[in-house]
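Participant: Next comes protein-v9.pdb, PDB, C-alpha atoms, pLDDT in the B column:
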ATOM      1  CA  MET M   1      -5.490  74.664 -73.168  1.00 39.00           C
ATOM      2  CA  LEU M   2      -4.825  71.362 -74.910  1.00 45.00           C
ATOM      3  CA  GLU M   3      -7.939  69.541 -76.059  1.00 48.00           C
ATOM      4  CA  LYS M   4      -8.670  66.325 -74.211  1.00 49.00           C
ATOM      5  CA  ASN M   5      -6.932  63.346 -75.847  1.00 56.00           C
ATOM      6  CA  ARG M   6      -5.235  65.650 -78.375  1.00 74.00           C
ATOM      7  CA  ILE M   7      -1.830  64.224 -79.262  1.00 87.00           C
ATOM      8  CA  ILE M   8       1.002  66.594 -80.124  1.00 91.00           C
ATOM      9  CA  LYS M   9       3.432  65.144 -82.672  1.00 94.00           C
ATOM     10  CA  ALA M  10       7.026  66.117 -81.912  1.00 95.00           C
ATOM     11  CA  MET M  11      10.450  65.659 -83.494  1.00 96.00           C
ATOM     12  CA  ILE M  12      13.954  65.977 -82.080  1.00 97.00           C
ATOM     13  CA  VAL M  13      16.590  67.499 -84.382  1.00 95.00           C
ATOM     14  CA  ASP M  14      19.978  67.458 -82.639  1.00 94.00           C
ATOM     15  CA  ASP M  15      23.392  66.011 -83.485  1.00 91.00           C
ATOM     16  CA  GLU M  16      24.090  65.144 -79.829  1.00 90.00           C
ATOM     17  CA  ILE M  17      22.654  61.753 -78.864  1.00 92.00           C
ATOM     18  CA  HIS M  18      22.586  62.485 -75.142  1.00 91.00           C
ATOM     19  CA  ALA M  19      20.178  65.361 -75.840  1.00 92.00           C
ATOM     20  CA  HIS M  20      17.823  62.874 -77.530  1.00 95.00           C
ATOM     21  CA  VAL M  21      18.039  60.573 -74.501  1.00 94.00           C
ATOM     22  CA  ASN M  22      17.244  63.368 -72.024  1.00 94.00           C
ATOM     23  CA  ILE M  23      14.335  64.764 -74.024  1.00 95.00           C
ATOM     24  CA  LYS M  24      12.771  61.326 -74.558  1.00 96.00           C
ATOM     25  CA  LYS M  25      13.065  60.505 -70.865  1.00 95.00           C
ATOM     26  CA  LEU M  26      11.343  63.730 -69.820  1.00 95.00           C
ATOM     27  CA  LEU M  27       8.597  63.403 -72.438  1.00 95.00           C
ATOM     28  CA  ASN M  28       7.830  59.833 -71.386  1.00 95.00           C
ATOM     29  CA  GLU M  29       7.702  60.775 -67.714  1.00 94.00           C
ATOM     30  CA  TYR M  30       5.845  64.090 -67.773  1.00 94.00           C
ATOM     31  CA  PHE M  31       4.155  64.625 -71.153  1.00 94.00           C
ATOM     32  CA  PRO M  32       2.135  61.618 -72.368  1.00 91.00           C
ATOM     33  CA  SER M  33       0.217  63.932 -74.728  1.00 90.00           C
ATOM     34  CA  ILE M  34       3.421  64.545 -76.730  1.00 94.00           C
ATOM     35  CA  GLN M  35       4.205  61.722 -79.143  1.00 95.00           C
ATOM     36  CA  LEU M  36       7.747  61.546 -80.522  1.00 96.00           C
ATOM     37  CA  VAL M  37       7.370  60.712 -84.231  1.00 96.00           C
ATOM     38  CA  ALA M  38      10.975  61.127 -85.400  1.00 96.00           C
ATOM     39  CA  GLU M  39      14.526  61.658 -84.174  1.00 97.00           C
ATOM     40  CA  CYS M  40      17.105  63.240 -86.477  1.00 96.00           C
ATOM     41  CA  ILE M  41      20.800  63.958 -86.013  1.00 94.00           C
ATOM     42  CA  SER M  42      21.100  66.370 -88.955  1.00 92.00           C
ATOM     43  CA  ALA M  43      19.064  69.139 -90.559  1.00 92.00           C
ATOM     44  CA  LYS M  44      19.087  67.376 -93.943  1.00 92.00           C
ATOM     45  CA  GLU M  45      17.564  64.268 -92.426  1.00 94.00           C
ATOM     46  CA  ALA M  46      15.031  66.399 -90.533  1.00 95.00           C
ATOM     47  CA  ILE M  47      13.764  68.169 -93.661  1.00 94.00           C
ATOM     48  CA  LYS M  48      12.725  64.822 -95.147  1.00 92.00           C
ATOM     49  CA  GLU M  49      11.117  63.676 -91.909  1.00 95.00           C
ATOM     50  CA  ILE M  50       9.172  66.929 -91.504  1.00 94.00           C
ATOM     51  CA  GLN M  51       7.588  66.343 -94.914  1.00 91.00           C
ATOM     52  CA  ARG M  52       6.704  62.768 -93.951  1.00 93.00           C
ATOM     53  CA  GLN M  53       5.553  63.293 -90.373  1.00 94.00           C
ATOM     54  CA  ASN M  54       3.960  66.771 -90.453  1.00 92.00           C
ATOM     55  CA  PRO M  55       4.937  67.449 -86.809  1.00 93.00           C
ATOM     56  CA  ASP M  56       3.380  69.992 -84.462  1.00 90.00           C
ATOM     57  CA  LEU M  57       6.588  70.700 -82.576  1.00 92.00           C
ATOM     58  CA  LEU M  58      10.339  70.601 -83.182  1.00 92.00           C
ATOM     59  CA  PHE M  59      13.008  70.395 -80.500  1.00 94.00           C
ATOM     60  CA  LEU M  60      15.662  71.994 -82.691  1.00 91.00           C
ATOM     61  CA  ASP M  61      19.391  72.321 -82.008  1.00 89.00           C
ATOM     62  CA  VAL M  62      20.786  75.711 -83.009  1.00 83.00           C
ATOM     63  CA  ASN M  63      24.267  74.650 -84.063  1.00 80.00           C
ATOM     64  CA  MET M  64      24.679  71.431 -86.075  1.00 83.00           C
ATOM     65  CA  PRO M  65      27.279  70.322 -88.634  1.00 78.00           C
ATOM     66  CA  GLU M  66      26.622  71.194 -92.299  1.00 79.00           C
ATOM     67  CA  MET M  67      23.439  73.173 -91.625  1.00 84.00           C
ATOM     68  CA  THR M  68      22.311  75.223 -88.617  1.00 82.00           C
ATOM     69  CA  GLY M  69      18.823  75.081 -87.188  1.00 85.00           C
ATOM     70  CA  PHE M  70      18.223  78.600 -88.498  1.00 82.00           C
ATOM     71  CA  LYS M  71      19.223  77.666 -92.032  1.00 83.00           C
ATOM     72  CA  MET M  72      16.981  74.615 -91.935  1.00 88.00           C
ATOM     73  CA  LEU M  73      13.968  76.750 -91.034  1.00 85.00           C
ATOM     74  CA  GLU M  74      14.780  79.157 -93.861  1.00 82.00           C
ATOM     75  CA  ILE M  75      14.633  76.501 -96.571  1.00 86.00           C
ATOM     76  CA  ILE M  76      11.419  74.802 -95.421  1.00 85.00           C
ATOM     77  CA  PRO M  77       8.719  76.307 -97.668  1.00 71.00           C
ATOM     78  CA  GLU M  78       5.825  75.899 -95.216  1.00 75.00           C
ATOM     79  CA  ARG M  79       6.423  76.023 -91.478  1.00 77.00           C
ATOM     80  CA  ASN M  80       3.336  74.458 -89.965  1.00 81.00           C
ATOM     81  CA  PHE M  81       4.982  73.575 -86.684  1.00 86.00           C
ATOM     82  CA  ASP M  82       6.208  75.268 -83.532  1.00 84.00           C
ATOM     83  CA  VAL M  83       9.865  75.409 -82.508  1.00 86.00           C
ATOM     84  CA  ILE M  84      11.601  75.087 -79.167  1.00 87.00           C
ATOM     85  CA  PHE M  85      15.307  75.705 -79.644  1.00 85.00           C
ATOM     86  CA  ILE M  86      17.898  73.582 -77.850  1.00 84.00           C
ATOM     87  CA  THR M  87      21.082  75.572 -77.285  1.00 80.00           C
ATOM     88  CA  ALA M  88      24.394  75.499 -75.429  1.00 76.00           C
ATOM     89  CA  TYR M  89      25.157  79.153 -76.087  1.00 67.00           C
ATOM     90  CA  ASP M  90      26.472  81.539 -73.481  1.00 59.00           C
ATOM     91  CA  GLU M  91      24.686  84.198 -71.464  1.00 54.00           C
ATOM     92  CA  PHE M  92      24.976  86.864 -74.186  1.00 47.00           C
ATOM     93  CA  ALA M  93      23.217  84.669 -76.733  1.00 58.00           C
ATOM     94  CA  ILE M  94      20.573  83.567 -74.244  1.00 60.00           C
ATOM     95  CA  LYS M  95      19.634  87.224 -73.813  1.00 56.00           C
ATOM     96  CA  ALA M  96      18.959  87.312 -77.542  1.00 51.00           C
ATOM     97  CA  PHE M  97      16.524  84.409 -77.198  1.00 59.00           C
ATOM     98  CA  LYS M  98      14.724  86.159 -74.343  1.00 57.00           C
ATOM     99  CA  VAL M  99      14.520  89.502 -76.131  1.00 47.00           C
ATOM    100  CA  ASN M 100      13.056  87.866 -79.224  1.00 49.00           C
ATOM    101  CA  ALA M 101      10.605  85.752 -77.173  1.00 46.00           C
ATOM    102  CA  ILE M 102      11.413  82.501 -78.981  1.00 60.00           C
ATOM    103  CA  ASP M 103      11.290  79.619 -76.567  1.00 75.00           C
ATOM    104  CA  TYR M 104      14.506  77.766 -75.831  1.00 78.00           C
ATOM    105  CA  ILE M 105      15.966  75.113 -73.545  1.00 82.00           C
ATOM    106  CA  LEU M 106      19.565  75.463 -72.425  1.00 81.00           C
ATOM    107  CA  LYS M 107      22.064  72.604 -72.574  1.00 84.00           C
ATOM    108  CA  PRO M 108      22.783  70.641 -70.499  1.00 85.00           C
ATOM    109  CA  ILE M 109      19.036  70.113 -70.245  1.00 89.00           C
ATOM    110  CA  ASP M 110      17.637  70.874 -66.825  1.00 89.00           C
ATOM    111  CA  SER M 111      14.480  68.874 -66.035  1.00 93.00           C
ATOM    112  CA  ASN M 112      12.724  71.753 -64.249  1.00 92.00           C
ATOM    113  CA  GLU M 113      13.439  74.179 -67.078  1.00 87.00           C
ATOM    114  CA  PHE M 114      12.250  71.618 -69.612  1.00 92.00           C
ATOM    115  CA  ILE M 115       8.998  70.958 -67.727  1.00 92.00           C
ATOM    116  CA  THR M 116       8.289  74.672 -67.340  1.00 88.00           C
ATOM    117  CA  SER M 117       8.865  75.357 -71.021  1.00 85.00           C
ATOM    118  CA  LEU M 118       6.773  72.406 -72.185  1.00 90.00           C
ATOM    119  CA  ASN M 119       3.889  73.210 -69.842  1.00 88.00           C
ATOM    120  CA  LYS M 120       3.791  76.705 -71.300  1.00 83.00           C
ATOM    121  CA  TYR M 121       3.790  75.262 -74.805  1.00 83.00           C
ATOM    122  CA  VAL M 122       1.119  72.617 -74.138  1.00 83.00           C
ATOM    123  CA  ASN M 123      -1.183  75.158 -72.483  1.00 79.00           C
ATOM    124  CA  ASN M 124      -0.952  77.411 -75.536  1.00 72.00           C
ATOM    125  CA  PHE M 125      -0.878  74.706 -78.194  1.00 65.00           C
ATOM    126  CA  LYS M 126      -2.027  75.907 -81.633  1.00 54.00           C
ATOM    127  CA  GLN M 127      -2.528  79.500 -80.519  1.00 53.00           C
ATOM    128  CA  ASN M 128       0.032  80.272 -83.171  1.00 52.00           C
ATOM    129  CA  GLU M 129       1.363  83.697 -83.945  1.00 51.00           C
ATOM    130  CA  ASN M 130       1.424  85.267 -87.362  1.00 53.00           C
ATOM    131  CA  ARG M 131       4.099  83.647 -89.560  1.00 54.00           C
ATOM    132  CA  GLU M 132       5.551  87.038 -90.483  1.00 61.00           C
ATOM    133  CA  GLN M 133       5.969  87.892 -86.796  1.00 61.00           C
ATOM    134  CA  PHE M 134       7.803  84.624 -86.222  1.00 61.00           C
ATOM    135  CA  GLU M 135      10.090  85.156 -89.216  1.00 62.00           C
ATOM    136  CA  ASN M 136      10.972  88.671 -88.087  1.00 65.00           C
ATOM    137  CA  ARG M 137      11.901  87.498 -84.602  1.00 64.00           C
ATOM    138  CA  LEU M 138      13.796  84.529 -86.007  1.00 65.00           C
ATOM    139  CA  LEU M 139      15.854  86.833 -88.230  1.00 67.00           C
ATOM    140  CA  LYS M 140      16.781  89.068 -85.280  1.00 63.00           C
ATOM    141  CA  LEU M 141      17.794  86.042 -83.254  1.00 65.00           C
ATOM    142  CA  LYS M 142      19.852  84.614 -86.093  1.00 65.00           C
ATOM    143  CA  GLU M 143      21.718  87.895 -86.515  1.00 60.00           C
ATOM    144  CA  ASN M 144      22.609  87.831 -82.820  1.00 58.00           C
ATOM    145  CA  ILE M 145      24.057  84.337 -82.512  1.00 61.00           C
ATOM    146  CA  GLU M 146      24.635  82.542 -85.809  1.00 61.00           C
ATOM    147  CA  ASP M 147      28.253  83.695 -85.992  1.00 70.00           C
ATOM    148  CA  LYS M 148      29.056  81.275 -83.173  1.00 73.00           C
ATOM    149  CA  ILE M 149      30.320  77.740 -83.832  1.00 80.00           C
ATOM    150  CA  SER M 150      31.228  74.768 -81.657  1.00 80.00           C
ATOM    151  CA  PHE M 151      34.279  72.534 -82.012  1.00 87.00           C
ATOM    152  CA  PRO M 152      34.746  69.137 -80.338  1.00 86.00           C
ATOM    153  CA  THR M 153      37.962  69.182 -78.304  1.00 88.00           C
ATOM    154  CA  PHE M 154      39.517  66.807 -75.771  1.00 86.00           C
ATOM    155  CA  ASP M 155      37.864  68.827 -72.998  1.00 84.00           C
ATOM    156  CA  GLY M 156      34.387  68.864 -74.583  1.00 83.00           C
ATOM    157  CA  LYS M 157      32.685  71.283 -76.959  1.00 80.00           C
ATOM    158  CA  TYR M 158      34.358  74.672 -77.313  1.00 85.00           C
ATOM    159  CA  TYR M 159      32.308  77.619 -78.584  1.00 82.00           C
ATOM    160  CA  VAL M 160      33.939  80.438 -80.540  1.00 86.00           C
ATOM    161  CA  MET M 161      32.885  83.267 -82.816  1.00 84.00           C
ATOM    162  CA  LYS M 162      33.592  82.488 -86.469  1.00 86.00           C
ATOM    163  CA  SER M 163      34.963  85.999 -86.810  1.00 87.00           C
ATOM    164  CA  ASP M 164      37.683  85.154 -84.239  1.00 92.00           C
ATOM    165  CA  ILE M 165      39.074  82.277 -86.321  1.00 94.00           C
ATOM    166  CA  ILE M 166      42.259  83.296 -88.163  1.00 95.00           C
ATOM    167  CA  CYS M 167      42.923  79.957 -89.838  1.00 95.00           C
ATOM    168  CA  VAL M 168      42.633  76.186 -89.511  1.00 96.00           C
ATOM    169  CA  GLU M 169      45.564  73.823 -90.080  1.00 96.00           C
ATOM    170  CA  ALA M 170      45.388  70.084 -90.762  1.00 95.00           C
ATOM    171  CA  GLU M 171      46.944  67.854 -88.095  1.00 94.00           C
ATOM    172  CA  GLY M 172      46.332  64.371 -89.522  1.00 92.00           C
ATOM    173  CA  SER M 173      42.856  63.268 -88.453  1.00 93.00           C
ATOM    174  CA  TYR M 174      42.683  66.373 -86.211  1.00 94.00           C
ATOM    175  CA  SER M 175      42.755  70.103 -86.927  1.00 95.00           C
ATOM    176  CA  LYS M 176      44.336  73.070 -85.189  1.00 95.00           C
ATOM    177  CA  VAL M 177      42.088  76.136 -85.017  1.00 95.00           C
ATOM    178  CA  ILE M 178      44.108  79.328 -84.546  1.00 95.00           C
ATOM    179  CA  LEU M 179      42.151  82.138 -82.898  1.00 94.00           C
ATOM    180  CA  LYS M 180      42.568  85.868 -82.580  1.00 91.00           C
ATOM    181  CA  GLY M 181      44.552  86.605 -79.439  1.00 88.00           C
ATOM    182  CA  GLY M 182      46.915  83.658 -79.876  1.00 87.00           C
ATOM    183  CA  GLU M 183      44.754  80.820 -78.543  1.00 91.00           C
ATOM    184  CA  ASN M 184      44.917  77.488 -80.401  1.00 93.00           C
ATOM    185  CA  LEU M 185      42.385  74.649 -80.263  1.00 94.00           C
ATOM    186  CA  MET M 186      43.100  71.035 -81.146  1.00 95.00           C
ATOM    187  CA  VAL M 187      39.843  69.831 -82.667  1.00 94.00           C
ATOM    188  CA  SER M 188      38.870  66.189 -83.130  1.00 92.00           C
ATOM    189  CA  LYS M 189      37.731  66.676 -86.740  1.00 91.00           C
ATOM    190  CA  ASN M 190      39.803  66.546 -89.909  1.00 93.00           C
ATOM    191  CA  ILE M 191      40.153  69.627 -92.061  1.00 93.00           C
ATOM    192  CA  LYS M 192      37.525  68.511 -94.583  1.00 90.00           C
ATOM    193  CA  GLU M 193      34.968  68.239 -91.781  1.00 89.00           C
ATOM    194  CA  ILE M 194      35.961  71.674 -90.501  1.00 90.00           C
ATOM    195  CA  GLU M 195      35.606  73.094 -94.009  1.00 88.00           C
ATOM    196  CA  GLU M 196      32.010  71.810 -94.102  1.00 81.00           C
ATOM    197  CA  LEU M 197      31.291  73.617 -90.825  1.00 79.00           C
ATOM    198  CA  LEU M 198      32.721  76.939 -92.021  1.00 83.00           C
ATOM    199  CA  ILE M 199      30.165  77.583 -94.750  1.00 70.00           C
ATOM    200  CA  ASP M 200      30.932  81.264 -95.096  1.00 71.00           C
ATOM    201  CA  LYS M 201      32.433  83.311 -97.908  1.00 75.00           C
ATOM    202  CA  ILE M 202      35.158  84.733 -95.663  1.00 84.00           C
ATOM    203  CA  PHE M 203      36.730  81.265 -95.279  1.00 91.00           C
ATOM    204  CA  PHE M 204      38.786  79.841 -98.123  1.00 92.00           C
ATOM    205  CA  ARG M 205      40.831  76.655 -98.320  1.00 93.00           C
ATOM    206  CA  VAL M 206      44.075  78.089 -99.670  1.00 94.00           C
ATOM    207  CA  HIS M 207      45.921  74.785 -99.417  1.00 93.00           C
ATOM    208  CA  ARG M 208      44.965  71.154 -98.814  1.00 92.00           C
ATOM    209  CA  SER M 209      46.163  71.643 -95.230  1.00 95.00           C
ATOM    210  CA  THR M 210      44.975  75.221 -94.522  1.00 96.00           C
ATOM    211  CA  ILE M 211      41.697  77.150 -94.317  1.00 95.00           C
ATOM    212  CA  LEU M 212      42.047  80.924 -94.019  1.00 95.00           C
ATOM    213  CA  ASN M 213      39.740  83.700 -92.823  1.00 94.00           C
ATOM    214  CA  ILE M 214      40.466  86.339 -95.462  1.00 92.00           C
ATOM    215  CA  ASN M 215      39.613  89.144 -93.027  1.00 91.00           C
ATOM    216  CA  TYR M 216      42.971  88.462 -91.364  1.00 93.00           C
ATOM    217  CA  ILE M 217      45.093  88.975 -94.488  1.00 93.00           C
ATOM    218  CA  LYS M 218      47.626  91.751 -93.901  1.00 92.00           C
ATOM    219  CA  THR M 219      49.603  91.351 -97.138  1.00 94.00           C
ATOM    220  CA  TYR M 220      49.400  89.034-100.128  1.00 93.00           C
ATOM    221  CA  ASN M 221      52.020  88.439-102.801  1.00 92.00           C
ATOM    222  CA  ALA M 222      50.051  87.129-105.774  1.00 88.00           C
ATOM    223  CA  LYS M 223      53.225  86.038-107.564  1.00 89.00           C
ATOM    224  CA  SER M 224      54.688  83.880-104.783  1.00 91.00           C
ATOM    225  CA  GLY M 225      51.337  83.066-103.170  1.00 92.00           C
ATOM    226  CA  GLU M 226      52.617  84.192 -99.769  1.00 94.00           C
ATOM    227  CA  ILE M 227      50.075  85.577 -97.302  1.00 95.00           C
ATOM    228  CA  CYS M 228      51.058  87.411 -94.154  1.00 94.00           C
ATOM    229  CA  CYS M 229      48.236  87.357 -91.615  1.00 93.00           C
ATOM    230  CA  SER M 230      47.513  90.062 -89.057  1.00 88.00           C
ATOM    231  CA  ASP M 231      49.265  87.951 -86.399  1.00 87.00           C
ATOM    232  CA  ASN M 232      52.320  87.810 -88.731  1.00 89.00           C
ATOM    233  CA  LYS M 233      51.760  84.147 -89.491  1.00 89.00           C
ATOM    234  CA  LYS M 234      52.894  83.180 -93.016  1.00 93.00           C
ATOM    235  CA  ILE M 235      50.574  81.041 -95.181  1.00 93.00           C
ATOM    236  CA  TYR M 236      51.009  79.995 -98.801  1.00 93.00           C
ATOM    237  CA  VAL M 237      48.285  79.589-101.424  1.00 95.00           C
ATOM    238  CA  SER M 238      48.757  76.423-103.473  1.00 94.00           C
ATOM    239  CA  ARG M 239      49.005  76.726-107.262  1.00 91.00           C
ATOM    240  CA  ARG M 240      45.804  74.707-107.595  1.00 91.00           C
ATOM    241  CA  CYS M 241      43.872  77.173-105.412  1.00 92.00           C
ATOM    242  CA  LYS M 242      45.457  80.431-106.576  1.00 91.00           C
ATOM    243  CA  LYS M 243      43.084  81.230-109.449  1.00 90.00           C
ATOM    244  CA  ASP M 244      39.920  80.867-107.342  1.00 90.00           C
ATOM    245  CA  PHE M 245      41.545  82.665-104.417  1.00 91.00           C
ATOM    246  CA  ASN M 246      42.507  85.659-106.572  1.00 88.00           C
ATOM    247  CA  LYS M 247      38.977  85.739-107.943  1.00 86.00           C
ATOM    248  CA  LEU M 248      37.534  85.786-104.413  1.00 85.00           C
ATOM    249  CA  LEU M 249      39.841  88.606-103.345  1.00 85.00           C
ATOM    250  CA  ALA M 250      38.862  90.603-106.420  1.00 82.00           C
ATOM    251  CA  GLU M 251      35.210  90.467-105.313  1.00 75.00           C
ATOM    252  CA  PHE M 252      36.119  91.960-101.939  1.00 68.00           C
ATOM    253  CA  ASP M 253      38.303  94.642-103.554  1.00 63.00           C
ATOM    254  CA  MET M 254      35.411  96.011-105.598  1.00 43.00           C
TER
END
Show this structure as C-alpha cells.
Facilitator:
Amino acid sequence: MLEKNRIIKAMIVDDEIHAHVNIKKLLNEYFPSIQLVAECISAKEAIKEIQRQNPDLLFLDVNMPEMTGFKMLEIIPERNFDVIFITAYDEFAIKAFKVNAIDYILKPIDSNEFITSLNKYVNNFKQNENREQFENRLLKLKENIEDKISFPTFDGKYYVMKSDIICVEAEGSYSKVILKGGENLMVSKNIKEIEELLIDKIFFRVHRSTILNINYIKTYNAKSGEICCSDNKKIYVSRRCKKDFNKLLAEFDM
C-alpha cells in the first residue's frame, strides 16, 4: 500500500494532446497522491525531463513520431520508474500486453479502465520487479507490436503494419501510402515527415518523391534505375540516390 502522504511523481509522454487532457482530468479527480511533474509530446523531450524530474511513473505512448516508446526506454541508461503504456493498438496487440503482464491503458481512454489500472499501481507502488525481468517482458512485447505504425488521415489515425507498406509517394504537403493488397492512404504528412517515421533499413528514399520498401522489389535494372515492384508498379531510382541504393541492395544480397 502507498505510504500516507507519499506523493508519486508522474510524467505524460504522448504526442496526442487530448490524451494529456484526459489523463490530467482523471488524476486531478481521483488520484491526489499522483503529482504530474512534466508533460512531453515527444520521446526526445521526455528523455531530458526524466533526467530532471526523476519520476516514479510514466504514462507512455507506444507509437510516437521519430522515436517509439519502446526505443525511448532502450536508450535510458537507468530506468528508476514504472511504466503504464498508453496504446491505440488493436485486439491482437492488446493480447501481447496481457501475455507479457505490462500494464497498459487503451485509447480512447476509458475512465473506469484508467481508475482500475491506477488503483492497482498505487496499491503496489515501489514493489518493483527485477529490472532484468522487466526488460525481458518488454522485449517480447516490442517484438509483437513494434512493426505497427499510425498515419494521420482525413478520417482519423489509421494503423498499418510497416511490412504491408509497398511505397510512399509525395503528394505536395500530403503523402500517398500504397499498401499490399491495393489499398492507398492519403496521409496528412509530407514525405519528409513520413521518412522520419519509417526508421527501418527496409525503407529507402529512392527519389525525392518516393520511399520504397525494398522487400517488394521484383526486378531492378541498375543501368536504367527502373524498379518493378511485386504489384507491377514501376518506380525509378534517381541518379543522386543510385549509389547508396545499390550499396544497400548489396548488403541484402550477401
Participant: Evaluate the PyMOL selection byres ((chain M and resi 5-17) around 10) here and jot the selected residues down as number ranges by chain.
Facilitator: M: 2-4, 18-24, 27, 31-47, 49-50, 53-65, 69, 81-87, 122, 125-126
Participant: Between atom CA of Lys107 of chain M and atom CA of Ser173 of chain M, what is the spacing in Å?
Facilitator: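 One can read the atom CA of Ser173 of chain M to atom CA of Lys107 of chain M distance as 27.8 Å.
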Participant: Have a look at atom CA of Ala222 of chain M and atom CA of Cys167 of chain M and let me know their distance in Å, one decimal.
Facilitator: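 Pair atom CA of Ala222 of chain M / atom CA of Cys167 of chain M returns 18.9 Å.
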Participant: I'd like to know which of M:Leu106, M:Phe114, M:Leu198, M:Asn213 is closest to Lys25 of chain M, using all atoms listed in the file.
Facilitator: M:Phe114
Participant: Would you mind telling me which residue in M:Lys242, M:Arg208, M:Arg52, M:Val160 lies nearest to Ser224 of chain M when using only C-alpha atoms?
Facilitator: M:Lys242
Participant: Check which residues satisfy the PyMOL selection byres ((chain M and resi 161) around 9) in the file shown, then give them as an mmCIF file with C-alpha atoms, in the frame of the given file.
Facilitator:
data_model
loop_
_atom_site.group_PDB
_atom_site.id
_atom_site.type_symbol
_atom_site.label_atom_id
_atom_site.label_comp_id
_atom_site.auth_asym_id
_atom_site.auth_seq_id
_atom_site.Cartn_x
_atom_site.Cartn_y
_atom_site.Cartn_z
ATOM 1 C CA ILE M 145 24.057 84.337 -82.512
ATOM 2 C CA GLU M 146 24.635 82.542 -85.809
ATOM 3 C CA ASP M 147 28.253 83.695 -85.992
ATOM 4 C CA LYS M 148 29.056 81.275 -83.173
ATOM 5 C CA ILE M 149 30.320 77.740 -83.832
ATOM 6 C CA SER M 150 31.228 74.768 -81.657
ATOM 7 C CA TYR M 159 32.308 77.619 -78.584
ATOM 8 C CA VAL M 160 33.939 80.438 -80.540
ATOM 9 C CA LYS M 162 33.592 82.488 -86.469
ATOM 10 C CA SER M 163 34.963 85.999 -86.810
ATOM 11 C CA ASP M 164 37.683 85.154 -84.239
ATOM 12 C CA ILE M 165 39.074 82.277 -86.321
#
